[in-house]
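Asker: Right, I'll just put the structure down here and ask away after.
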Amino acid sequence: MNIQQLKEAARIISEGGLVSFPTETVYGLGANTLNSVAVAKIFKLKERPSFDPLIVHIASVDDLKMLTNEPSEAVIRLAEKFWPGPLTLVLPKCKLVPDIVTSGLPTVGIRMPDHELALNLIKEAKCPIAAPSANKFGQLSPVSAEHVRKQLPGVDYILDGGTTTVGIESTIVSIEGNVCTLLRPGKITLDDIEKALPGTFVFNTTKPAKLVAPGLLKSHYSPNKPLYIYNRANLPLPESSGLILHNPGEVPSSDCKLIYTSKTGDQLEIAANLFSALHTMEDDPAVKQIFIEPVVEKGLGIAIMDRINKAAYKYQPSA
Ligand code: TXA
Ligand code: MG
């Protein structure tokens with residue numbers, strides 16, 4: 001870690017600027033949570049609608065108390081078990097959190113990222129950092145500094161920490177009393193969470209209408225060229241196609257640009273390489289349309305298919 005770069009990034013955050021930083025999931029576009037003007041710059045640079053709330057990143061479980069009133073025992077248990085890690089908890093917010101961060105909602109999404117640079121940036125800037133993924137609204141999430149530069153050249157600073165390891169965004173759950181609702185699937189599954197909570201907890205996978213924000217809608221994370229889910233009926237692929245496969249099994253006879261997210265079908269590897277594969281296809285002028293193989297919707301496969309379906313949604317003939 002380069003201390004000078006970290007100090008520079010922290011200074012920019014303290015002075016109300018925007019810094020893109022790596023987390024274990026994807027790169028974030030961060031500002032001081034407590035500075036509404038700085039947070040407003042995030043919405044502007046991302047071209048993000050003001051009704052889509054941000055996640056607040058903290059560096060210790062203790063920081064929870066600054067953002068939410070009296071976290072319950074269950075909340076503390078989840079935080080202690082899964083943080084630092086790819087789990088966002090949506091909890092009642094306290095007054096200190098500006099409304100712009102939560103888009104006027106009475107709740108705030110909070111997580112502690114499992115990345116040394118992110119944690120040190122929060123500590124050095126001495127404030128919780130509000131950060132969505134560092135992409136233009138609706139486009140592919142960035143998993144490298146290069147991806148951030150491509151979409152957000154106007155950002156004040158990018159802390160380059162190489163490629164992220166998890167590759168897809170955090171799991172988001174809301175906790176209200178003894179009800180836990182899955183708002184976005186991720187590496188930590190609802191099963192994992194269920195095991196960590198007392199038996200009296202009720203689990204929902206249907207999102208309540210009041211909690212639906214754009215990141216949770218059907219279309220999101222899309223490449224700027226058509227993306228279709230690949231099945232054998234798509235054969236032969238049209239000319240200038242890109243094809244993303246998740247294990248070396250079947251290879252179509254058609255001439256296409258081929259990328260494997262994994263050589264073994266390992267879900268962790270597929271998740272880690274998913275957005276990179278989509279970015280590579282997006283950046284290749286020889287590729288006019290992209291096809292992507294589905295994965296089995298089990299465990300982490302639920303989150304992987306969530307991202308694939310959302311990325312392909314707007315290109316479906318019926319959308
Ligand atoms: O892994 C991640 O979560 C990454 C890294 C940077 O931490 N961040 C991320 O942020 O994916 P973003 O803004 O792209 O997605 C966060 C989503 C929003 O689209 C919104 O739907 C949901 O979190 N969210 C945030 N606060 C919420 C709240 N109070 N209630 C319901 N949903 C909320
Ligand atoms: Mg996002």
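Chain labels A, B, ... are given in the sequence in which chains occur in the structure tokens; within each chain residues are numbered consecutively from 1, and ligands are likewise numbered from 1 in the order shown.
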Looking only at helix (DSSP H, G or I) from DSSP on the backbone, list the matching residues of region 76-243 of chain A as a ChimeraX atom specification.
Answerer: /A:76-82,99-102,116-125,145-151,190-196,209-211,214-216,232-234
Asker: Take the residues from that selection and write them out as a tab-separated table (two decimals), in the first residue's frame, keeping N, CA and C atoms.
Answerer:
```
chain	number	residue	atom	x	y	z
A	76	ILE	N	-25.90	-6.86	15.49
A	76	ILE	CA	-24.51	-6.95	15.95
A	76	ILE	C	-23.93	-8.34	15.62
A	77	ARG	N	-24.78	-9.34	15.77
A	77	ARG	CA	-24.31	-10.71	15.49
A	77	ARG	C	-23.92	-10.84	13.99
A	78	LEU	N	-24.79	-10.32	13.11
A	78	LEU	CA	-24.49	-10.39	11.68
A	78	LEU	C	-23.21	-9.60	11.36
A	79	ALA	N	-23.11	-8.40	11.96
A	79	ALA	CA	-21.94	-7.55	11.69
A	79	ALA	C	-20.66	-8.27	12.14
A	80	GLU	N	-20.73	-8.86	13.33
A	80	GLU	CA	-19.52	-9.51	13.84
A	80	GLU	C	-19.16	-10.76	13.06
A	81	LYS	N	-20.17	-11.42	12.54
A	81	LYS	CA	-19.89	-12.67	11.79
A	81	LYS	C	-19.41	-12.37	10.37
A	82	PHE	N	-20.04	-11.42	9.70
A	82	PHE	CA	-19.77	-11.26	8.26
A	82	PHE	C	-18.89	-10.05	7.89
A	99	ASP	N	-30.31	13.11	4.31
A	99	ASP	CA	-31.35	12.47	3.50
A	99	ASP	C	-30.89	12.15	2.09
A	100	ILE	N	-29.97	12.95	1.57
A	100	ILE	CA	-29.53	12.70	0.18
A	100	ILE	C	-28.88	11.33	0.06
A	101	VAL	N	-28.24	10.86	1.14
A	101	VAL	CA	-27.56	9.56	1.12
A	101	VAL	C	-28.58	8.43	0.95
A	102	THR	N	-29.73	8.58	1.63
A	102	THR	CA	-30.71	7.49	1.66
A	102	THR	C	-31.89	7.77	0.73
A	116	GLU	N	-8.14	-3.84	2.48
A	116	GLU	CA	-7.23	-3.02	3.27
A	116	GLU	C	-7.26	-1.55	2.84
A	117	LEU	N	-7.25	-1.31	1.52
A	117	LEU	CA	-7.23	0.08	1.03
A	117	LEU	C	-8.50	0.81	1.42
A	118	ALA	N	-9.64	0.13	1.27
A	118	ALA	CA	-10.93	0.76	1.60
A	118	ALA	C	-10.98	1.08	3.10
A	119	LEU	N	-10.59	0.11	3.92
A	119	LEU	CA	-10.65	0.32	5.37
A	119	LEU	C	-9.71	1.44	5.81
A	120	ASN	N	-8.51	1.45	5.23
A	120	ASN	CA	-7.56	2.50	5.60
A	120	ASN	C	-8.00	3.87	5.11
A	121	LEU	N	-8.66	3.90	3.96
A	121	LEU	CA	-9.18	5.18	3.45
A	121	LEU	C	-10.24	5.74	4.41
A	122	ILE	N	-11.13	4.89	4.88
A	122	ILE	CA	-12.17	5.34	5.81
A	122	ILE	C	-11.53	5.85	7.10
A	123	LYS	N	-10.55	5.10	7.59
A	123	LYS	CA	-9.88	5.50	8.85
A	123	LYS	C	-9.13	6.81	8.67
A	124	GLU	N	-8.42	6.93	7.57
A	124	GLU	CA	-7.59	8.10	7.32
A	124	GLU	C	-8.46	9.35	7.08
A	125	ALA	N	-9.60	9.16	6.40
A	125	ALA	CA	-10.50	10.30	6.11
A	125	ALA	C	-11.33	10.65	7.36
A	145	ALA	N	-9.40	-0.52	-11.77
A	145	ALA	CA	-9.26	0.94	-11.89
A	145	ALA	C	-9.49	1.37	-13.34
A	146	GLU	N	-9.06	0.52	-14.26
A	146	GLU	CA	-9.23	0.78	-15.70
A	146	GLU	C	-10.72	0.93	-16.05
A	147	HIS	N	-11.55	0.07	-15.49
A	147	HIS	CA	-13.00	0.15	-15.76
A	147	HIS	C	-13.57	1.47	-15.24
A	148	VAL	N	-13.03	1.94	-14.10
A	148	VAL	CA	-13.52	3.21	-13.53
A	148	VAL	C	-13.13	4.36	-14.47
A	149	ARG	N	-11.86	4.34	-14.93
A	149	ARG	CA	-11.38	5.41	-15.83
A	149	ARG	C	-12.24	5.48	-17.08
A	150	LYS	N	-12.65	4.31	-17.58
A	150	LYS	CA	-13.43	4.25	-18.82
A	150	LYS	C	-14.77	4.99	-18.65
A	151	GLN	N	-15.45	4.74	-17.54
A	151	GLN	CA	-16.80	5.30	-17.38
A	151	GLN	C	-16.82	6.64	-16.67
A	190	LEU	N	-28.64	-16.22	1.61
A	190	LEU	CA	-29.65	-16.14	2.66
A	190	LEU	C	-29.49	-17.32	3.64
A	191	ASP	N	-29.05	-18.46	3.13
A	191	ASP	CA	-28.78	-19.63	3.99
A	191	ASP	C	-27.71	-19.31	5.02
A	192	ASP	N	-26.62	-18.65	4.54
A	192	ASP	CA	-25.54	-18.28	5.45
A	192	ASP	C	-26.08	-17.39	6.57
A	193	ILE	N	-26.95	-16.44	6.18
A	193	ILE	CA	-27.48	-15.47	7.15
A	193	ILE	C	-28.43	-16.17	8.12
A	194	GLU	N	-29.25	-17.06	7.56
A	194	GLU	CA	-30.21	-17.79	8.38
A	194	GLU	C	-29.50	-18.55	9.50
A	195	LYS	N	-28.36	-19.15	9.14
A	195	LYS	CA	-27.60	-19.94	10.13
A	195	LYS	C	-27.08	-19.07	11.26
A	196	ALA	N	-26.87	-17.79	10.98
A	196	ALA	CA	-26.27	-16.91	11.98
A	196	ALA	C	-27.31	-16.26	12.89
A	209	ALA	N	-42.54	-3.24	-1.72
A	209	ALA	CA	-42.54	-2.16	-2.72
A	209	ALA	C	-41.80	-0.93	-2.21
A	210	LYS	N	-41.92	-0.63	-0.92
A	210	LYS	CA	-41.32	0.60	-0.41
A	210	LYS	C	-39.79	0.56	-0.43
A	211	LEU	N	-39.24	-0.63	-0.55
A	211	LEU	CA	-37.77	-0.74	-0.52
A	211	LEU	C	-37.17	-0.90	-1.91
A	214	PRO	N	-33.68	1.52	-7.80
A	214	PRO	CA	-33.28	1.09	-9.14
A	214	PRO	C	-32.28	-0.07	-9.16
A	215	GLY	N	-31.35	-0.07	-8.21
A	215	GLY	CA	-30.37	-1.15	-8.20
A	215	GLY	C	-31.03	-2.50	-8.00
A	216	LEU	N	-32.27	-2.48	-7.58
A	216	LEU	CA	-32.97	-3.72	-7.30
A	216	LEU	C	-33.97	-4.04	-8.40
A	232	ARG	N	-28.49	-23.40	-26.80
A	232	ARG	CA	-28.17	-24.06	-28.07
A	232	ARG	C	-29.05	-23.59	-29.21
A	233	ALA	N	-30.26	-23.11	-28.87
A	233	ALA	CA	-31.17	-22.63	-29.92
A	233	ALA	C	-30.59	-21.40	-30.61
A	234	ASN	N	-29.64	-20.71	-29.93
A	234	ASN	CA	-29.02	-19.53	-30.54
A	234	ASN	C	-28.03	-19.90	-31.64
```
Asker: Do you know which residues are within 10 Å of ligand 2 using only C-alpha atoms and all ligand atoms? Can you write them as number ranges by chain?
Answerer: A: 26-29, 46, 48, 52, 54-55, 131-142, 168-170, 214-216, 220-221
Asker: Identify, with DSSP run on backbone atoms, the residues in region 2-227 of chain A assigned to strand (DSSP E), and express the list as a PyMOL selection string.
Answerer: chain A and resi 19-21+28-32+55-57+87-92+107-111+129-130+157-158+171-176+179-184+202-204+227
Asker: Residues near Tyr228 (chain A), anyone? I mean within 8 Å using only C-alpha atoms, not counting same-chain ones fewer than 5 positions away, as a PyMOL selection string.
Answerer: chain A and resi 289-292+312+315-316
Asker: Residues near Ala303 (chain A), anyone? I mean within 12 Å using only C-alpha atoms, not counting same-chain ones fewer than 3 positions away, as a PDB file with N, CA, C and O atoms, in the first residue's frame.
Answerer:
```pdb
ATOM      1  N   VAL A 166     -14.023 -10.600  -5.226  1.00  0.00           N
ATOM      2  CA  VAL A 166     -15.356 -11.235  -5.258  1.00  0.00           C
ATOM      3  C   VAL A 166     -16.023 -10.975  -6.610  1.00  0.00           C
ATOM      4  O   VAL A 166     -16.622 -11.880  -7.207  1.00  0.00           O
ATOM      5  N   GLY A 167     -15.946  -9.751  -7.101  1.00  0.00           N
ATOM      6  CA  GLY A 167     -16.382  -9.460  -8.469  1.00  0.00           C
ATOM      7  C   GLY A 167     -17.833  -9.082  -8.649  1.00  0.00           C
ATOM      8  O   GLY A 167     -18.183  -8.487  -9.658  1.00  0.00           O
ATOM      9  N   ILE A 168     -18.710  -9.446  -7.724  1.00  0.00           N
ATOM     10  CA  ILE A 168     -20.085  -8.954  -7.811  1.00  0.00           C
ATOM     11  C   ILE A 168     -20.440  -8.257  -6.497  1.00  0.00           C
ATOM     12  O   ILE A 168     -19.845  -8.529  -5.452  1.00  0.00           O
ATOM     13  N   GLU A 169     -21.419  -7.353  -6.583  1.00  0.00           N
ATOM     14  CA  GLU A 169     -21.744  -6.475  -5.470  1.00  0.00           C
ATOM     15  C   GLU A 169     -22.227  -7.260  -4.246  1.00  0.00           C
ATOM     16  O   GLU A 169     -22.708  -8.384  -4.363  1.00  0.00           O
ATOM     17  N   SER A 170     -22.176  -6.565  -3.101  1.00  0.00           N
ATOM     18  CA  SER A 170     -22.534  -7.192  -1.828  1.00  0.00           C
ATOM     19  C   SER A 170     -23.984  -7.681  -1.792  1.00  0.00           C
ATOM     20  O   SER A 170     -24.848  -7.166  -2.499  1.00  0.00           O
ATOM     21  N   THR A 171     -24.211  -8.656  -0.950  1.00  0.00           N
ATOM     22  CA  THR A 171     -25.566  -9.091  -0.609  1.00  0.00           C
ATOM     23  C   THR A 171     -26.203  -7.948   0.185  1.00  0.00           C
ATOM     24  O   THR A 171     -25.553  -7.363   1.046  1.00  0.00           O
ATOM     25  N   ILE A 172     -27.466  -7.615  -0.102  1.00  0.00           N
ATOM     26  CA  ILE A 172     -28.146  -6.588   0.705  1.00  0.00           C
ATOM     27  C   ILE A 172     -29.353  -7.221   1.395  1.00  0.00           C
ATOM     28  O   ILE A 172     -30.189  -7.841   0.735  1.00  0.00           O
ATOM     29  N   LEU A 182     -34.254 -10.268   1.877  1.00  0.00           N
ATOM     30  CA  LEU A 182     -33.151 -10.235   0.899  1.00  0.00           C
ATOM     31  C   LEU A 182     -33.504  -9.234  -0.198  1.00  0.00           C
ATOM     32  O   LEU A 182     -34.495  -9.394  -0.906  1.00  0.00           O
ATOM     33  N   LEU A 183     -32.677  -8.181  -0.322  1.00  0.00           N
ATOM     34  CA  LEU A 183     -32.947  -7.160  -1.339  1.00  0.00           C
ATOM     35  C   LEU A 183     -32.072  -7.351  -2.577  1.00  0.00           C
ATOM     36  O   LEU A 183     -32.445  -6.961  -3.669  1.00  0.00           O
ATOM     37  N   ARG A 184     -30.871  -7.898  -2.383  1.00  0.00           N
ATOM     38  CA  ARG A 184     -30.002  -8.180  -3.534  1.00  0.00           C
ATOM     39  C   ARG A 184     -29.134  -9.380  -3.177  1.00  0.00           C
ATOM     40  O   ARG A 184     -28.467  -9.369  -2.141  1.00  0.00           O
ATOM     41  N   PRO A 185     -29.149 -10.456  -3.983  1.00  0.00           N
ATOM     42  CA  PRO A 185     -28.314 -11.614  -3.665  1.00  0.00           C
ATOM     43  C   PRO A 185     -26.838 -11.320  -3.923  1.00  0.00           C
ATOM     44  O   PRO A 185     -26.503 -10.467  -4.748  1.00  0.00           O
ATOM     45  N   GLY A 186     -25.962 -12.002  -3.194  1.00  0.00           N
ATOM     46  CA  GLY A 186     -24.518 -11.811  -3.364  1.00  0.00           C
ATOM     47  C   GLY A 186     -23.795 -13.043  -2.871  1.00  0.00           C
ATOM     48  O   GLY A 186     -24.401 -14.112  -2.699  1.00  0.00           O
ATOM     49  N   LYS A 187     -22.503 -12.887  -2.592  1.00  0.00           N
ATOM     50  CA  LYS A 187     -21.694 -14.040  -2.200  1.00  0.00           C
ATOM     51  C   LYS A 187     -22.194 -14.671  -0.897  1.00  0.00           C
ATOM     52  O   LYS A 187     -22.185 -15.888  -0.730  1.00  0.00           O
ATOM     53  N   ILE A 188     -22.600 -13.816   0.041  1.00  0.00           N
ATOM     54  CA  ILE A 188     -23.172 -14.340   1.294  1.00  0.00           C
ATOM     55  C   ILE A 188     -24.645 -14.642   1.015  1.00  0.00           C
ATOM     56  O   ILE A 188     -25.403 -13.757   0.618  1.00  0.00           O
ATOM     57  N   THR A 189     -25.013 -15.906   1.154  1.00  0.00           N
ATOM     58  CA  THR A 189     -26.373 -16.297   0.756  1.00  0.00           C
ATOM     59  C   THR A 189     -27.344 -16.163   1.938  1.00  0.00           C
ATOM     60  O   THR A 189     -26.923 -16.042   3.098  1.00  0.00           O
ATOM     61  N   LEU A 190     -28.641 -16.221   1.609  1.00  0.00           N
ATOM     62  CA  LEU A 190     -29.647 -16.139   2.665  1.00  0.00           C
ATOM     63  C   LEU A 190     -29.486 -17.316   3.641  1.00  0.00           C
ATOM     64  O   LEU A 190     -29.703 -17.164   4.843  1.00  0.00           O
ATOM     65  N   GLN A 267     -17.930 -21.451  -8.991  1.00  0.00           N
ATOM     66  CA  GLN A 267     -18.778 -20.258  -8.893  1.00  0.00           C
ATOM     67  C   GLN A 267     -18.013 -19.021  -8.414  1.00  0.00           C
ATOM     68  O   GLN A 267     -18.296 -17.911  -8.864  1.00  0.00           O
ATOM     69  N   LEU A 268     -17.067 -19.221  -7.487  1.00  0.00           N
ATOM     70  CA  LEU A 268     -16.301 -18.069  -6.997  1.00  0.00           C
ATOM     71  C   LEU A 268     -15.506 -17.439  -8.143  1.00  0.00           C
ATOM     72  O   LEU A 268     -15.415 -16.221  -8.266  1.00  0.00           O
ATOM     73  N   ILE A 270     -16.245 -17.746 -11.384  1.00  0.00           N
ATOM     74  CA  ILE A 270     -17.184 -17.159 -12.360  1.00  0.00           C
ATOM     75  C   ILE A 270     -17.583 -15.750 -11.905  1.00  0.00           C
ATOM     76  O   ILE A 270     -17.535 -14.793 -12.681  1.00  0.00           O
ATOM     77  N   ALA A 271     -17.942 -15.625 -10.623  1.00  0.00           N
ATOM     78  CA  ALA A 271     -18.350 -14.308 -10.092  1.00  0.00           C
ATOM     79  C   ALA A 271     -17.212 -13.305 -10.225  1.00  0.00           C
ATOM     80  O   ALA A 271     -17.401 -12.163 -10.652  1.00  0.00           O
ATOM     81  N   ALA A 272     -15.995 -13.749  -9.876  1.00  0.00           N
ATOM     82  CA  ALA A 272     -14.838 -12.840  -9.907  1.00  0.00           C
ATOM     83  C   ALA A 272     -14.549 -12.344 -11.318  1.00  0.00           C
ATOM     84  O   ALA A 272     -14.071 -11.226 -11.498  1.00  0.00           O
ATOM     85  N   LEU A 274     -16.848 -12.320 -13.986  1.00  0.00           N
ATOM     86  CA  LEU A 274     -18.047 -12.007 -14.784  1.00  0.00           C
ATOM     87  C   LEU A 274     -18.008 -10.605 -15.398  1.00  0.00           C
ATOM     88  O   LEU A 274     -18.123 -10.435 -16.618  1.00  0.00           O
ATOM     89  N   PRO A 294     -25.923 -19.321 -19.115  1.00  0.00           N
ATOM     90  CA  PRO A 294     -26.456 -19.221 -17.750  1.00  0.00           C
ATOM     91  C   PRO A 294     -25.683 -20.126 -16.787  1.00  0.00           C
ATOM     92  O   PRO A 294     -24.908 -20.969 -17.238  1.00  0.00           O
ATOM     93  N   VAL A 295     -25.873 -19.935 -15.480  1.00  0.00           N
ATOM     94  CA  VAL A 295     -25.300 -20.866 -14.498  1.00  0.00           C
ATOM     95  C   VAL A 295     -26.434 -21.451 -13.659  1.00  0.00           C
ATOM     96  O   VAL A 295     -27.556 -20.932 -13.685  1.00  0.00           O
ATOM     97  N   VAL A 296     -26.147 -22.507 -12.945  1.00  0.00           N
ATOM     98  CA  VAL A 296     -27.164 -23.126 -12.084  1.00  0.00           C
ATOM     99  C   VAL A 296     -27.471 -22.188 -10.915  1.00  0.00           C
ATOM    100  O   VAL A 296     -26.546 -21.701 -10.243  1.00  0.00           O
ATOM    101  N   GLU A 297     -28.752 -21.923 -10.674  1.00  0.00           N
ATOM    102  CA  GLU A 297     -29.128 -20.963  -9.623  1.00  0.00           C
ATOM    103  C   GLU A 297     -29.145 -21.612  -8.247  1.00  0.00           C
ATOM    104  O   GLU A 297     -30.203 -21.878  -7.674  1.00  0.00           O
ATOM    105  N   LYS A 298     -27.955 -21.862  -7.743  1.00  0.00           N
ATOM    106  CA  LYS A 298     -27.796 -22.444  -6.403  1.00  0.00           C
ATOM    107  C   LYS A 298     -26.632 -21.748  -5.739  1.00  0.00           C
ATOM    108  O   LYS A 298     -25.635 -21.443  -6.404  1.00  0.00           O
ATOM    109  N   GLY A 299     -26.723 -21.477  -4.425  1.00  0.00           N
ATOM    110  CA  GLY A 299     -25.620 -20.812  -3.728  1.00  0.00           C
ATOM    111  C   GLY A 299     -25.288 -19.484  -4.390  1.00  0.00           C
ATOM    112  O   GLY A 299     -26.177 -18.676  -4.675  1.00  0.00           O
ATOM    113  N   LEU A 300     -24.008 -19.272  -4.658  1.00  0.00           N
ATOM    114  CA  LEU A 300     -23.564 -18.039  -5.311  1.00  0.00           C
ATOM    115  C   LEU A 300     -24.144 -17.906  -6.726  1.00  0.00           C
ATOM    116  O   LEU A 300     -24.231 -16.800  -7.277  1.00  0.00           O
ATOM    117  N   ASP A 306     -28.621 -13.404 -11.139  1.00  0.00           N
ATOM    118  CA  ASP A 306     -29.284 -12.103 -10.928  1.00  0.00           C
ATOM    119  C   ASP A 306     -28.593 -11.043 -11.787  1.00  0.00           C
ATOM    120  O   ASP A 306     -29.242 -10.275 -12.495  1.00  0.00           O
ATOM    121  N   ARG A 307     -27.238 -11.019 -11.750  1.00  0.00           N
ATOM    122  CA  ARG A 307     -26.501 -10.011 -12.530  1.00  0.00           C
ATOM    123  C   ARG A 307     -26.640 -10.274 -14.026  1.00  0.00           C
ATOM    124  O   ARG A 307     -26.797  -9.341 -14.815  1.00  0.00           O
ATOM    125  N   ILE A 308     -26.585 -11.538 -14.433  1.00  0.00           N
ATOM    126  CA  ILE A 308     -26.692 -11.860 -15.870  1.00  0.00           C
ATOM    127  C   ILE A 308     -28.084 -11.466 -16.381  1.00  0.00           C
ATOM    128  O   ILE A 308     -28.217 -10.809 -17.414  1.00  0.00           O
ATOM    129  N   ASN A 309     -29.123 -11.832 -15.632  1.00  0.00           N
ATOM    130  CA  ASN A 309     -30.489 -11.507 -16.072  1.00  0.00           C
ATOM    131  C   ASN A 309     -30.701 -10.007 -16.162  1.00  0.00           C
ATOM    132  O   ASN A 309     -31.320  -9.509 -17.101  1.00  0.00           O
ATOM    133  N   LYS A 310     -30.174  -9.267 -15.188  1.00  0.00           N
ATOM    134  CA  LYS A 310     -30.354  -7.801 -15.205  1.00  0.00           C
ATOM    135  C   LYS A 310     -29.584  -7.181 -16.374  1.00  0.00           C
ATOM    136  O   LYS A 310     -30.060  -6.249 -17.013  1.00  0.00           O
TER     137      LYS A 310
END
```
Asker: Quick one: of A:Glu73, A:Glu239, A:Glu176, A:Asp63, who's nearest to Lys288 (chain A), counting only C-alpha atoms?
Answerer: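 The shortest atom-to-atom distance to Lys288 (chain A) comes from A:Glu239.
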Asker: Neighbouring residues of Pro98 (chain A) were defined as those with any atom within 12 Å, considering only C-alpha atoms; residues of the same chain fewer than 5 positions away were excluded. Please report them as a PyMOL selection string.
Answerer: chain A and resi 32-40+53-54+56+67+93+103-108+130
Asker: Those residues with N, CA and C atoms, as an mmCIF file, in the first residue's frame please?
Answerer:
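What landed in selection_17.cif:
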```
data_model
loop_
_atom_site.group_PDB
_atom_site.id
_atom_site.type_symbol
_atom_site.label_atom_id
_atom_site.label_comp_id
_atom_site.auth_asym_id
_atom_site.auth_seq_id
_atom_site.Cartn_x
_atom_site.Cartn_y
_atom_site.Cartn_z
ATOM 1 N N ASN A 32 -17.515 11.849 1.502
ATOM 2 C CA ASN A 32 -17.820 11.944 2.933
ATOM 3 C C ASN A 32 -19.346 11.883 3.121
ATOM 4 N N THR A 33 -19.818 10.836 3.815
ATOM 5 C CA THR A 33 -21.257 10.636 4.023
ATOM 6 C C THR A 33 -21.922 11.859 4.646
ATOM 7 N N LEU A 34 -21.180 12.552 5.521
ATOM 8 C CA LEU A 34 -21.794 13.622 6.305
ATOM 9 C C LEU A 34 -21.783 14.962 5.562
ATOM 10 N N ASN A 35 -21.232 14.998 4.351
ATOM 11 C CA ASN A 35 -21.159 16.220 3.553
ATOM 12 C C ASN A 35 -22.120 16.090 2.360
ATOM 13 N N SER A 36 -23.316 16.689 2.495
ATOM 14 C CA SER A 36 -24.366 16.526 1.477
ATOM 15 C C SER A 36 -23.931 17.015 0.103
ATOM 16 N N VAL A 37 -23.134 18.085 0.086
ATOM 17 C CA VAL A 37 -22.709 18.633 -1.207
ATOM 18 C C VAL A 37 -21.784 17.635 -1.915
ATOM 19 N N ALA A 38 -20.900 17.029 -1.148
ATOM 20 C CA ALA A 38 -19.996 16.026 -1.721
ATOM 21 C C ALA A 38 -20.804 14.829 -2.232
ATOM 22 N N VAL A 39 -21.797 14.419 -1.454
ATOM 23 C CA VAL A 39 -22.612 13.270 -1.862
ATOM 24 C C VAL A 39 -23.387 13.599 -3.150
ATOM 25 N N ALA A 40 -23.829 14.852 -3.256
ATOM 26 C CA ALA A 40 -24.565 15.263 -4.465
ATOM 27 C C ALA A 40 -23.691 15.100 -5.717
ATOM 28 N N PRO A 53 -30.766 5.122 -3.325
ATOM 29 C CA PRO A 53 -29.908 5.382 -2.151
ATOM 30 C C PRO A 53 -28.524 4.754 -2.236
ATOM 31 N N LEU A 54 -27.588 5.320 -1.450
ATOM 32 C CA LEU A 54 -26.192 4.862 -1.453
ATOM 33 C C LEU A 54 -25.908 3.967 -0.248
ATOM 34 N N VAL A 56 -23.372 3.127 2.831
ATOM 35 C CA VAL A 56 -22.352 3.804 3.636
ATOM 36 C C VAL A 56 -21.335 2.763 4.111
ATOM 37 N N LEU A 67 -24.580 5.639 12.869
ATOM 38 C CA LEU A 67 -25.472 5.707 11.702
ATOM 39 C C LEU A 67 -26.872 5.173 11.969
ATOM 40 N N LYS A 93 -32.161 4.620 9.985
ATOM 41 C CA LYS A 93 -31.037 5.569 10.051
ATOM 42 C C LYS A 93 -31.220 6.550 11.197
ATOM 43 N N SER A 103 -31.767 8.801 -0.095
ATOM 44 C CA SER A 103 -32.847 9.208 -1.005
ATOM 45 C C SER A 103 -34.145 9.432 -0.237
ATOM 46 N N GLY A 104 -34.022 9.964 0.951
ATOM 47 C CA GLY A 104 -35.205 10.286 1.750
ATOM 48 C C GLY A 104 -35.780 9.101 2.502
ATOM 49 N N LEU A 105 -35.223 7.898 2.327
ATOM 50 C CA LEU A 105 -35.740 6.731 3.055
ATOM 51 C C LEU A 105 -35.365 6.841 4.537
ATOM 52 N N PRO A 106 -36.180 6.238 5.418
ATOM 53 C CA PRO A 106 -35.844 6.267 6.849
ATOM 54 C C PRO A 106 -34.777 5.236 7.209
ATOM 55 N N THR A 107 -34.274 4.498 6.209
ATOM 56 C CA THR A 107 -33.270 3.458 6.458
ATOM 57 C C THR A 107 -31.975 3.796 5.733
ATOM 58 N N VAL A 108 -30.891 3.170 6.199
ATOM 59 C CA VAL A 108 -29.588 3.374 5.543
ATOM 60 C C VAL A 108 -28.898 2.023 5.333
ATOM 61 N N ALA A 130 -19.793 7.259 1.879
ATOM 62 C CA ALA A 130 -20.948 6.840 1.080
ATOM 63 C C ALA A 130 -20.441 6.527 -0.319
#
```
Asker: If you measure from CA of Tyr157 (chain A) to atom 19 (O, counted along the ligand's line) of ligand 1, what distance in Å do you get, rounded to one decimal?
Answerer: 22.5 Å
Asker: Would you mind listing what lies within 6 Å of region 112-115 of chain A as number ranges by chain, with only C-alpha atoms counted and same-chain residues fewer than 4 positions away left out?
Answerer: A: 23-24, 57-59, 83-85
